[in-house]
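Below is start.txt, which holds compact mmCIF, C-alpha atoms and all ligand atoms.
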```
# COMPACT_ATOMS: atom_id res chain seq x y z
CA MET H 1 88.35 166.59 74.63
CA LYS H 2 88.73 169.34 72.05
CA ASN H 3 85.85 167.86 70.02
CA THR H 4 83.66 167.71 73.12
CA LEU H 5 84.40 171.34 73.88
CA GLN H 6 83.58 172.30 70.27
CA LEU H 7 80.32 170.36 70.53
CA ILE H 8 79.36 172.14 73.76
CA ILE H 9 80.23 175.58 72.30
CA GLY H 10 78.30 174.70 69.13
CA ALA H 11 75.26 173.60 71.13
CA LEU H 12 75.32 176.78 73.24
CA ALA H 13 75.64 178.99 70.14
CA CYS H 14 72.73 177.14 68.54
CA LEU H 15 70.66 177.60 71.69
CA THR H 16 71.48 181.32 71.71
CA ILE H 17 70.58 181.73 68.01
CA THR H 18 67.26 179.92 68.60
CA GLN H 19 66.56 182.10 71.63
CA CYS H 20 67.48 185.23 69.64
CA ALA H 21 65.11 184.29 66.82
CA GLN H 22 62.39 183.56 69.36
CA GLN H 23 62.92 186.88 71.16
CA GLN H 24 62.88 188.73 67.84
CA MET H 25 59.54 187.11 66.91
CA GLN H 26 58.09 187.94 70.34
CA ARG H 27 59.28 191.56 70.06
CA GLN H 28 57.72 191.87 66.61
CA VAL H 29 54.36 190.71 68.01
CA LEU H 30 54.58 193.07 71.00
CA GLU H 31 55.43 196.04 68.76
CA SER H 32 52.74 195.23 66.18
CA ARG H 33 49.74 197.59 65.93
CA THR H 34 47.72 195.32 63.61
CA VAL H 35 44.84 193.04 64.60
CA VAL H 36 43.47 190.50 62.11
CA LEU H 37 39.82 189.38 62.31
CA ASP H 38 38.94 186.19 60.43
CA ILE H 39 35.24 185.75 59.57
CA GLY H 40 34.71 182.01 60.18
CA HIS H 41 33.79 179.47 57.49
CA TYR H 42 32.81 180.72 54.02
CA TYR H 43 29.82 181.67 51.90
CA ALA H 44 28.75 179.17 49.21
CA SER H 45 26.72 180.48 46.29
CA GLY H 46 23.14 179.19 46.52
CA ARG H 47 23.75 177.49 49.89
CA GLY H 48 24.63 180.44 52.11
CA GLY H 49 27.08 180.51 55.01
CA GLN H 50 28.68 177.14 55.71
CA GLY H 51 29.09 177.42 59.48
CA ALA H 52 26.70 176.40 62.25
CA ARG H 53 23.06 177.44 61.83
CA THR H 54 20.07 177.70 64.16
CA PRO H 55 17.74 174.63 64.13
CA ASP H 56 14.96 176.84 62.73
CA ALA H 57 13.77 180.46 62.57
CA SER H 58 11.49 180.28 65.63
CA GLN H 59 13.69 182.46 67.90
CA GLY H 60 13.54 185.68 65.93
CA GLY H 61 14.95 184.40 62.64
CA SER H 62 17.41 181.91 61.15
CA LEU H 63 21.03 182.69 62.04
CA GLU H 64 24.27 181.27 60.61
CA GLU H 65 27.67 182.21 62.01
CA CYS H 66 29.52 183.23 58.78
CA GLU H 67 26.58 185.41 57.69
CA PHE H 68 26.31 186.88 61.21
CA TRP H 69 29.95 187.94 61.15
CA TYR H 70 29.73 189.45 57.65
CA LYS H 71 27.10 191.72 59.22
CA TYR H 72 28.89 192.52 62.50
CA ALA H 73 32.69 192.16 61.98
CA GLY H 74 32.69 195.86 61.05
CA GLU H 75 31.65 196.68 64.64
CA VAL H 76 34.64 194.79 66.06
CA LYS H 77 36.88 196.51 63.50
CA ASP H 78 35.49 199.94 64.40
CA VAL H 79 36.33 199.48 68.10
CA ILE H 80 39.87 198.33 67.26
CA GLU H 81 40.52 201.18 64.83
CA GLN H 82 39.13 203.77 67.24
CA ALA H 83 41.79 202.61 69.69
CA GLY H 84 44.48 203.44 67.13
CA TYR H 85 45.19 199.95 65.78
CA LYS H 86 45.06 198.83 62.16
CA CYS H 87 42.39 196.15 61.70
CA VAL H 88 42.37 193.73 58.77
CA VAL H 89 39.23 191.61 58.20
CA ILE H 90 39.61 188.42 56.17
CA ASN H 91 37.56 185.39 55.10
CA ARG H 92 38.89 182.16 53.65
CA GLY H 93 36.32 182.02 50.84
CA ASP H 94 35.14 184.46 48.20
CA MET H 95 32.78 187.45 48.20
CA PRO H 96 29.21 186.37 49.16
CA THR H 97 26.80 186.25 46.21
CA ASP H 98 23.99 187.50 48.49
CA PRO H 99 23.77 191.24 47.67
CA SER H 100 23.15 192.45 51.25
CA LEU H 101 26.06 190.40 52.66
CA ALA H 102 28.28 191.54 49.77
CA ALA H 103 27.39 195.15 50.67
CA CYS H 104 28.40 194.44 54.31
CA ALA H 105 31.67 192.84 53.09
CA ARG H 106 32.49 195.89 50.95
CA LYS H 107 31.62 198.31 53.76
CA THR H 108 33.84 196.39 56.20
CA GLY H 109 36.60 195.99 53.58
CA VAL H 110 36.78 192.19 53.90
CA LEU H 111 39.79 190.70 52.11
CA HIS H 112 38.97 187.29 50.62
CA VAL H 113 41.67 184.62 50.71
CA LYS H 114 39.79 182.59 48.04
CA THR H 115 40.96 179.18 49.27
CA PRO H 116 40.76 177.00 46.11
CA GLN H 117 38.82 174.26 47.93
CA PRO H 118 37.41 175.78 51.14
CA THR H 119 36.55 172.35 52.60
CA ALA H 120 39.98 170.79 51.96
CA VAL H 121 42.87 170.38 54.44
CA TYR H 122 45.94 172.51 53.57
CA LEU H 123 49.42 172.67 55.10
CA SER H 124 50.47 175.96 56.66
CA ARG H 125 53.02 177.95 54.62
CA HIS H 126 54.41 179.44 57.84
CA HIS H 127 54.62 176.20 59.85
CA PRO H 128 54.25 173.23 57.43
CA GLU H 129 53.77 170.67 60.22
CA ARG H 130 50.44 172.40 60.93
CA MET H 131 47.48 171.54 58.73
CA ALA H 132 43.75 172.19 58.77
CA VAL H 133 40.68 173.18 56.82
CA GLY H 134 40.81 176.97 56.82
CA ILE H 135 44.53 177.21 57.60
CA LEU H 136 45.11 179.51 54.60
CA SER H 137 43.29 182.18 56.62
CA ALA H 138 45.66 181.67 59.55
CA ASP H 139 48.63 181.89 57.14
CA TYR H 140 47.28 185.06 55.56
CA ALA H 141 46.69 186.53 59.03
CA LEU H 142 50.34 185.84 59.95
CA ASP H 143 51.49 187.55 56.71
CA TRP H 144 50.29 190.82 58.34
CA LYS H 145 52.73 190.31 61.28
CA PRO H 146 49.83 190.90 63.69
CA ALA H 147 49.62 191.67 67.41
CA ALA H 148 46.72 189.18 67.61
CA VAL H 149 44.34 187.15 65.45
CA ILE H 150 40.66 186.73 66.34
CA PHE H 151 38.71 183.99 64.55
CA LEU H 152 35.06 185.15 64.59
CA HIS H 153 32.68 182.21 65.17
CA LEU H 154 29.51 181.30 67.04
CA ASN H 155 29.19 177.92 68.75
CA SER H 156 26.52 175.20 68.48
CA ASP H 157 26.31 171.83 70.18
CA SER H 158 23.04 170.47 68.81
CA ASP H 159 20.87 170.36 65.67
CA THR H 160 17.84 170.89 67.93
CA TRP H 161 17.20 173.60 70.53
CA HIS H 162 19.25 172.91 73.63
CA THR H 163 20.13 175.47 76.30
CA SER H 164 23.96 175.43 76.47
CA TYR H 165 25.89 177.76 78.76
CA LYS H 166 29.52 176.62 78.42
CA GLY H 167 30.66 179.12 75.81
CA ALA H 168 34.35 180.00 75.79
CA PHE H 169 37.14 181.85 74.05
CA TYR H 170 39.32 179.03 72.69
CA CYS H 171 42.90 180.26 72.60
CA ASN H 172 46.51 179.23 72.10
CA LYS H 173 48.98 179.26 75.01
CA THR H 174 50.34 182.63 73.88
CA GLY H 175 46.79 184.00 73.77
CA GLU H 176 45.67 182.86 77.22
CA PRO H 177 46.13 186.27 78.97
CA MET H 178 44.26 187.94 76.08
CA ALA H 179 41.40 185.40 76.24
CA ILE H 180 41.14 185.87 80.03
CA THR H 181 40.88 189.67 79.60
CA MET H 182 38.30 189.27 76.82
CA ALA H 183 36.23 186.87 78.97
CA GLU H 184 36.39 189.28 81.94
CA HIS H 185 35.12 192.06 79.70
CA MET H 186 32.28 189.83 78.41
CA ASN H 187 31.32 188.99 82.01
CA GLN H 188 31.30 192.66 83.00
CA THR H 189 29.27 193.83 79.99
CA ILE H 190 27.27 191.04 78.30
CA PHE H 191 27.15 187.60 79.96
CA ASN H 192 24.33 187.34 82.55
CA ARG H 193 23.70 191.04 82.00
CA THR H 194 22.13 191.72 78.63
CA MET H 195 22.63 188.09 77.47
CA PRO H 196 21.10 185.37 79.69
CA ASN H 197 23.62 182.63 80.52
CA GLY H 198 22.18 180.75 83.51
CA GLY H 199 24.67 182.44 85.86
CA PHE H 200 27.62 180.75 84.09
CA PRO H 201 30.59 183.01 83.23
CA CYS H 202 32.26 183.19 79.82
CA GLY H 203 34.97 180.49 79.71
CA VAL H 204 38.57 180.32 78.47
CA ILE H 205 39.92 177.07 76.98
CA ILE H 206 43.47 176.54 75.71
CA ARG H 207 43.24 174.41 72.59
CA THR H 208 46.22 172.57 71.10
CA ASP H 209 44.46 169.57 69.56
CA GLY H 210 43.78 168.59 66.05
CA HIS H 211 45.18 168.76 62.56
CA LYS H 212 41.71 169.04 61.03
CA GLY H 213 39.88 171.63 63.09
CA GLY H 214 40.62 175.03 64.62
CA GLY H 215 43.33 173.59 66.89
CA ASP H 216 45.97 174.01 64.22
CA TRP H 217 44.90 177.59 63.38
CA LEU H 218 45.77 178.33 67.00
CA ASN H 219 48.93 176.19 66.89
CA THR H 220 50.32 177.87 63.78
CA CYS H 221 49.79 181.28 65.42
CA ASN H 222 51.37 179.96 68.61
CA ASP H 223 54.45 178.88 66.63
CA SER H 224 54.84 182.57 65.65
CA TRP H 225 54.15 183.76 69.25
CA VAL H 226 50.93 185.45 68.10
CA PRO H 227 47.96 185.42 70.53
CA ALA H 228 44.99 183.80 68.75
CA ILE H 229 41.41 183.42 69.92
CA ILE H 230 38.35 181.63 68.50
CA THR H 231 35.10 183.27 69.71
CA GLU H 232 32.96 180.21 70.58
CA ILE H 233 31.17 182.11 73.32
CA ALA H 234 27.49 182.03 72.25
CA PHE H 235 25.46 179.04 71.03
CA LEU H 236 23.25 178.98 67.94
CA SER H 237 21.49 176.01 69.54
CA ASN H 238 20.58 178.00 72.67
CA PRO H 239 17.24 179.83 72.19
CA GLN H 240 18.16 182.50 74.78
CA HIS H 241 21.40 183.31 72.95
CA VAL H 242 19.69 183.30 69.56
CA ARG H 243 16.91 185.66 70.65
CA PHE H 244 19.68 187.95 71.93
CA LEU H 245 21.74 187.74 68.71
CA ASN H 246 18.65 188.31 66.57
CA SER H 247 18.33 191.79 68.07
CA PRO H 248 20.52 194.07 65.91
CA VAL H 249 21.14 196.41 68.86
CA LYS H 250 22.29 193.57 71.15
CA ALA H 251 24.28 191.82 68.39
CA ARG H 252 26.14 195.08 67.82
CA GLN H 253 26.92 195.36 71.58
CA PHE H 254 28.09 191.72 71.58
CA ALA H 255 30.43 192.31 68.61
CA ARG H 256 31.78 195.55 70.05
CA ALA H 257 32.46 193.85 73.42
CA ILE H 258 34.77 191.41 71.61
CA GLY H 259 36.72 194.37 70.20
CA GLU H 260 36.72 196.19 73.55
CA GLY H 261 38.09 193.11 75.37
CA ALA H 262 40.85 192.72 72.77
CA ILE H 263 41.85 196.39 73.10
CA ARG H 264 41.77 196.18 76.91
CA TYR H 265 44.40 193.43 76.63
CA LEU H 266 46.47 195.02 73.85
CA SER H 267 46.72 198.44 75.50
CA ASN H 268 48.02 196.84 78.71
CA ARG H 269 50.63 194.48 77.20
ZN ZN H 301 32.41 178.18 63.44
```
Spell out the structure here as structure tokens.
Amino acid sequence: MKNTLQLIIGALACLTITQCAQQQMQRQVLESRTVVLDIGHYYASGRGGQGARTPDASQGGSLEECEFWYKYAGEVKDVIEQAGYKCVVINRGDMPTDPSLAACARKTGVLHVKTPQPTAVYLSRHHPERMAVGILSADYALDWKPAAVIFLHLNSDSDTWHTSYKGAFYCNKTGEPMAITMAEHMNQTIFNRTMPNGGFPCGVIIRTDGHKGGGDWLNTCNDSWVPAIITEIAFLSNPQHVRFLNSPVKARQFARAIGEGAIRYLSNR
């Protein structure tokens, strides 16, 4: 009887300690004034950005997502900093060898994680049961004890031109309210307004799958109660989206709308 009682008390204490640790982590996230932006993929010398690319240059020029975000991450950062938050911009690779992209990286202050093998799967330092290509970025983002992490990507669902409209903010469970706010902002400012999208709204998809892909970037952030979003909202295989993104003025508005949506969520937490 005494042993049973001790077991019950022990279990309750353990539950309380776990809950305390969880509440402390959640409080830390809520009190954080730092947002981390991760420029997706990496730049390979002589081969360029290693993310998705347009099928060809017929819609105003060739576009690749890593190169795009080297050019425009500074716009997202500017919006976030103007709202009084610290913004850290990272990339899992090394400084681009292309001089104009390197100039953009320096201007934006991109911190390079220099993953030894950018295409290899690594275990997370923070949550070792999580593993993925690119997870060193997610780890480095968590080192900053952030309020949120935004993984900057562009989507593609075809190697040939194909008009896709189902773009979405992929998010973890913790990040769902943030993704919903960011999607609302996109719908009010960009989607079906300046950027044609066939009348379809910007989507929100909770993603928990996968040890190899972006699922575990989101999972490892979720394990630390940090909202995390992957911006797969425009398609490099959709000629309408690409014509839009090839306009520097519109690309800048698109990037800034991502920052504005994030701040709209963060300032109302
Ligand atoms: Zn990508």
Near-Gln26 (chain H) list (9 Å; all atoms listed in the file; drop same-chain fewer than 4 positions) as an NGL selection string = :H and (21-22 or 30-31 or 224-226)
List the neighbours of region 146-156 of chain H out to 7 Å using all atoms listed in the file; skip same-chain residues closer than 5 positions along the sequence, and give me the result as a VMD selection string.
-> chain H and resid 29 to 30 32 to 40 52 65 69 141 226 to 237
Would you save the residues of that selection, restricted to C-alpha atoms, as a JSON list (two decimals), keeping the file's coordinate frame?
```json
[["chain", "number", "residue", "atom", "x", "y", "z"],
["H", 29, "VAL", "CA", 54.36, 190.71, 68.01],
["H", 30, "LEU", "CA", 54.58, 193.07, 71.00],
["H", 32, "SER", "CA", 52.74, 195.23, 66.18],
["H", 33, "ARG", "CA", 49.74, 197.59, 65.93],
["H", 34, "THR", "CA", 47.72, 195.32, 63.61],
["H", 35, "VAL", "CA", 44.84, 193.04, 64.60],
["H", 36, "VAL", "CA", 43.47, 190.50, 62.11],
["H", 37, "LEU", "CA", 39.82, 189.38, 62.31],
["H", 38, "ASP", "CA", 38.94, 186.19, 60.43],
["H", 39, "ILE", "CA", 35.24, 185.75, 59.57],
["H", 40, "GLY", "CA", 34.71, 182.01, 60.18],
["H", 52, "ALA", "CA", 26.70, 176.40, 62.25],
["H", 65, "GLU", "CA", 27.67, 182.21, 62.01],
["H", 69, "TRP", "CA", 29.95, 187.94, 61.15],
["H", 141, "ALA", "CA", 46.69, 186.53, 59.03],
["H", 226, "VAL", "CA", 50.93, 185.45, 68.10],
["H", 227, "PRO", "CA", 47.96, 185.42, 70.53],
["H", 228, "ALA", "CA", 44.99, 183.80, 68.75],
["H", 229, "ILE", "CA", 41.41, 183.42, 69.92],
["H", 230, "ILE", "CA", 38.35, 181.63, 68.50],
["H", 231, "THR", "CA", 35.10, 183.27, 69.71],
["H", 232, "GLU", "CA", 32.96, 180.21, 70.58],
["H", 233, "ILE", "CA", 31.17, 182.11, 73.32],
["H", 234, "ALA", "CA", 27.49, 182.03, 72.25],
["H", 235, "PHE", "CA", 25.46, 179.04, 71.03],
["H", 236, "LEU", "CA", 23.25, 178.98, 67.94],
["H", 237, "SER", "CA", 21.49, 176.01, 69.54]]
```
Could you check how far CA of Gln50 (chain H) sits from CA of Ala132 (chain H), in Å to one decimal?
-> 16.2 Å
Counting all atoms listed in the file, which residues of region 42-125 of chain H sit at most 12 Å from some atom of region 201-215 of chain H, and what is each one's closest atom pair with its distance in Å to one decimal, listed by chain and rising residue number, as JSON lines?
```
{"residue": "H:Thr119", "atom": "CA", "partner": "H:Lys212", "partner_atom": "CA", "distance": 10.4}
{"residue": "H:Ala120", "atom": "CA", "partner": "H:Lys212", "partner_atom": "CA", "distance": 9.4}
{"residue": "H:Val121", "atom": "CA", "partner": "H:Lys212", "partner_atom": "CA", "distance": 6.8}
{"residue": "H:Tyr122", "atom": "CA", "partner": "H:Lys212", "partner_atom": "CA", "distance": 9.3}
{"residue": "H:Leu123", "atom": "CA", "partner": "H:His211", "partner_atom": "CA", "distance": 9.4}
{"residue": "H:Ser124", "atom": "CA", "partner": "H:His211", "partner_atom": "CA", "distance": 10.7}
```
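Atom to atom, CA of Ile80 (chain H) and CA of Asn172 (chain H) stand 20.8 Å apart.
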Counting only C-alpha atoms, the residue among H:Leu245, H:Leu15, H:Cys20, H:Ala257 that lies closest to His185 (chain H) is H:Ala257
Residue with the minimum atom-to-atom distance to Met95 (chain H), picked from H:Asp223, H:Glu67, H:Glu129, H:Asp139 with all atoms listed in the file counted, is H:Glu67
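With all atoms listed in the file as the atoms that count, the residue of H:Phe191, H:Tyr70, H:Tyr42, H:Tyr165 with the shortest distance to ligand ZN 301 (chain H) is H:Tyr42.
CA of Ala102 (chain H) is positioned 29.4 Å from CA of Cys171 (chain H).
In this comparison, which uses all atoms listed in the file, the residue of H:Arg252, H:Phe244, H:Asp159, H:Glu260 approaching Gln188 (chain H) most closely is H:Glu260.
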Show which residues sit within 7 Å of Lys114 (chain H), as a VMD selection string. Count only C-alpha atoms, and ignore same-chain residues fewer than 2 positions away.
-> chain H and resid 92 to 94 112 116
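Ranking H:Asn268, H:Gln6, H:Asn192, H:Asn91 by their shortest atom-to-atom distance to Pro177 (chain H), with all atoms listed in the file included, puts H:Asn268 first.
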May I ask which of the residues H:Thr97, H:Ser267, H:Thr16, H:Thr160 is the closest one to Pro239 (chain H), counting all atoms listed in the file?
-> H:Thr160
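Every protein, DNA or RNA residue with an atom at most 9 Å from Tyr72 (chain H), where all atoms listed in the file count and chain neighbours fewer than 6 positions away do not, is listed here: Cys104, Thr108, Ala251, Arg252, Ala255 and Arg256 of chain H.
All protein, DNA and RNA residues at most 6 Å from (53.3, 180.8, 72.9) are H:Lys173, H:Thr174, H:Asn222, H:Trp225, using all atoms listed in the file.
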Export of the given selection (C-alpha atoms) as a JSON list (two decimals), in the frame of the given file:
```json
[["chain", "number", "residue", "atom", "x", "y", "z"],
["H", 173, "LYS", "CA", 48.98, 179.26, 75.01],
["H", 174, "THR", "CA", 50.34, 182.63, 73.88],
["H", 222, "ASN", "CA", 51.37, 179.96, 68.61],
["H", 225, "TRP", "CA", 54.15, 183.76, 69.25]]
```
